[in-house]
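Everything below concerns the one structure shown next.
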Amino acid sequence: MSLPAQLAAGIAALGQTLPEGAEARLLAYLALLDKWNRVYNLTAVRETERMVSHHLLDSLAAVPFFQAEAVLDVGSGGGLPGIPLAIARPELQVTLIDSIAKKTAFLLQAKAELGLANLKVVTSRVEDFRPESGFDVITSRAFSDLREFVTLTRHLLKPGGQWLAMKGLMPHEEIASLPDWVKVSANHALQVPGLDASRHLIVLEPVV
């Protein structure tokens with residue numbers, strides 16, 4: 001199956017309708033990721049066919065749960081889930097942050113080539129990041145364990161905001177070690193087309 005057909009079938013299986021031109025942008029992003037990955041080692045996944053399921057569809061599976069205006073993707077690396085999110089939901093303002101300059105160089109190139117006006121890229125450690133205003137949703141995909149994730153980003157969450165942590169297997173031990181000022185408000189098991197692996201989206205909120 002061609003990459004466009006694989007992506008289209010996966011999006012249909014997710015039951016999602018993306019904006020016009022979004023699938024072409026996602027494939028253009030994939031081509032960029034594949035090209036830069038050979039030099040910068042942005043992802044361990046080398047085959048573009050696997051990148052469709054492991055990266056694009058995996059990120060898109062979480063998109064319906066982003067009910068927000070401003071989103072921060074922490075430890076964005078190769079731009080996951082932030083770039084697919086920004087492509088699928090152009091009304092969102094998505095900020096990608098990573099402390100490694102070669103990764104943010106790629107993210108800036110992707111922003112420019114894909115014409116993503118709703119995307120911002122920051123090179124910084126997240127604990128040192130002090131923007132003018134906070135974020136409705138803070139997300140990560142393989143940034144750290146849950147305790148470290150919420151602790152390092154607590155100052156960036158707006159009142160009433162949420163953390164959305166993308167995980168593989170249900171992280172029972174990580175949840176058990178969460179600080180007492182945060183709670184798990186939802187847990188969504190994600191079904192990712194073409195990915196035979198457990199995926200969970202853990203929703204966390206501050207205890208009021």
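Ordering of the structure tokens sets the chain letters (A, B, ...), residue numbers begin anew at 1 in every chain, and ligands are numbered from 1 in the order given.
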List the spatial neighbours of region 134-141 of chain A as a list of chain:residue names - criterion: any atom at most 6 Å away, only C-alpha atoms, same-chain residues fewer than 2 positions off excluded. A:Ala68, A:Ala70, A:Val71, A:Leu72, A:Asp73, A:Val74, A:Phe143, A:Leu156, A:Leu157, A:Lys158, A:Gly161, A:Gln162, A:Trp163, A:Leu164, A:Ala165, A:Met166
Using backbone DSSP assignments, extract all alpha helix (DSSP H) residues from region 14-91 of chain A; output them as a PDB file with C-alpha atoms, in the first residue's frame.
```pdb
ATOM      1  CA  LEU A  14      -9.774   6.691  13.353  1.00  0.00           C
ATOM      2  CA  ALA A  22      -3.808  18.166   5.796  1.00  0.00           C
ATOM      3  CA  GLU A  23      -2.928  14.704   4.467  1.00  0.00           C
ATOM      4  CA  ALA A  24      -0.502  16.195   1.936  1.00  0.00           C
ATOM      5  CA  ARG A  25       1.100  18.252   4.726  1.00  0.00           C
ATOM      6  CA  LEU A  26       1.410  15.175   6.949  1.00  0.00           C
ATOM      7  CA  LEU A  27       3.155  13.279   4.152  1.00  0.00           C
ATOM      8  CA  ALA A  28       5.441  16.270   3.481  1.00  0.00           C
ATOM      9  CA  TYR A  29       6.307  16.309   7.196  1.00  0.00           C
ATOM     10  CA  LEU A  30       7.035  12.571   7.069  1.00  0.00           C
ATOM     11  CA  ALA A  31       9.390  13.077   4.108  1.00  0.00           C
ATOM     12  CA  LEU A  32      11.222  15.828   6.029  1.00  0.00           C
ATOM     13  CA  LEU A  33      11.448  13.678   9.163  1.00  0.00           C
ATOM     14  CA  ASP A  34      12.833  10.772   7.126  1.00  0.00           C
ATOM     15  CA  LYS A  35      15.410  13.011   5.406  1.00  0.00           C
ATOM     16  CA  TRP A  36      16.648  14.727   8.571  1.00  0.00           C
ATOM     17  CA  ASN A  37      16.553  11.511  10.580  1.00  0.00           C
ATOM     18  CA  ARG A  38      19.455  10.090   8.594  1.00  0.00           C
ATOM     19  CA  VAL A  39      21.722  12.820   9.960  1.00  0.00           C
ATOM     20  CA  TYR A  40      20.148  13.932  13.244  1.00  0.00           C
ATOM     21  CA  THR A  48       8.572   5.416   6.356  1.00  0.00           C
ATOM     22  CA  GLU A  49       5.786   2.815   6.310  1.00  0.00           C
ATOM     23  CA  ARG A  50       6.216   2.310  10.052  1.00  0.00           C
ATOM     24  CA  MET A  51       6.463   6.074  10.588  1.00  0.00           C
ATOM     25  CA  ASP A  58      -0.292   7.463  16.831  1.00  0.00           C
ATOM     26  CA  SER A  59      -0.297  11.257  17.224  1.00  0.00           C
ATOM     27  CA  LEU A  60      -3.607  11.728  15.387  1.00  0.00           C
ATOM     28  CA  GLY A  82       2.855  18.645  18.115  1.00  0.00           C
ATOM     29  CA  ILE A  83       3.280  18.896  14.335  1.00  0.00           C
ATOM     30  CA  PRO A  84       0.529  16.392  13.402  1.00  0.00           C
ATOM     31  CA  LEU A  85      -1.677  18.151  15.972  1.00  0.00           C
ATOM     32  CA  ALA A  86      -0.977  21.575  14.439  1.00  0.00           C
ATOM     33  CA  ILE A  87      -1.730  20.216  10.956  1.00  0.00           C
ATOM     34  CA  ALA A  88      -4.950  18.469  12.005  1.00  0.00           C
TER      35      ALA A  88
END
```
Distance query region 168-180 of chain A at most 7 Å, only C-alpha atoms, self and fewer than 5 positions along chain excluded, as a PyMOL selection string: chain A and resi 145-147+198-200
Considering only C-alpha atoms, state which residue in the set A:Ser144, A:Glu91, A:Ala101, A:Ala189 is at the smallest distance from Leu119 (chain A).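 Result for the nearest residue to Leu119 (chain A): A:Glu91.
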Could you list, as a PyMOL selection string, every residue within 9 Å of Ser124 (chain A), counting only C-alpha atoms and ignoring same-chain residues fewer than 5 positions away? chain A and resi 97-101+129
Can you write just those residues out, C-alpha atoms, as a PDB file, in the first residue's frame?
```
ATOM      1  CA  ILE A  97       9.865  22.952  23.169  1.00  0.00           C
ATOM      2  CA  ASP A  98      13.082  20.948  23.215  1.00  0.00           C
ATOM      3  CA  SER A  99      16.428  21.636  24.856  1.00  0.00           C
ATOM      4  CA  ILE A 100      18.475  20.154  21.991  1.00  0.00           C
ATOM      5  CA  ALA A 101      19.255  22.759  19.318  1.00  0.00           C
ATOM      6  CA  PHE A 129      10.780  28.441  30.040  1.00  0.00           C
TER       7      PHE A 129
END
```
CA of Arg89 (chain A) to CA of Ala44 (chain A), straight-line distance in Å: 26.3 Å
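Considering the residues A:Thr151, A:Trp181, A:Leu116, A:Val122 and counting only C-alpha atoms, Thr104 (chain A) has its shortest atom-to-atom contact with A:Val122.
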For the strand (DSSP E) assignment from backbone DSSP, which residues of chain A qualify? Please present them as a VMD selection string. chain A and resid 70 to 74 93 to 98 119 to 123 135 to 141 157 to 167 182 to 189 200 to 206
Do you have the CA of Ser185 (chain A)-CA of Phe66 (chain A) distance handy? 14.3 Å
Could you check which of A:Pro19, A:Pro206, A:Gly160, A:Pro4 is closest to Val182 (chain A), using only C-alpha atoms?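 Smallest separation from Val182 (chain A) among the options: A:Pro206.
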Give the answer as one residue: which of A:Ser133, A:Ala105, A:Val63, A:Ala12 has the shortest atom-to-atom distance to Leu201 (chain A), using only C-alpha atoms?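 The shortest atom-to-atom distance to Leu201 (chain A) comes from A:Val63.
Closest approach to Pro131 (chain A) among A:Val45, A:Glu205, A:His155, A:Leu57: A:His155, based on only C-alpha atoms.
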Residue with smallest distance to His55 (chain A) - pool A:Val192, A:Ala117, A:Ala8, A:Val208, counting only C-alpha atoms: A:Val192
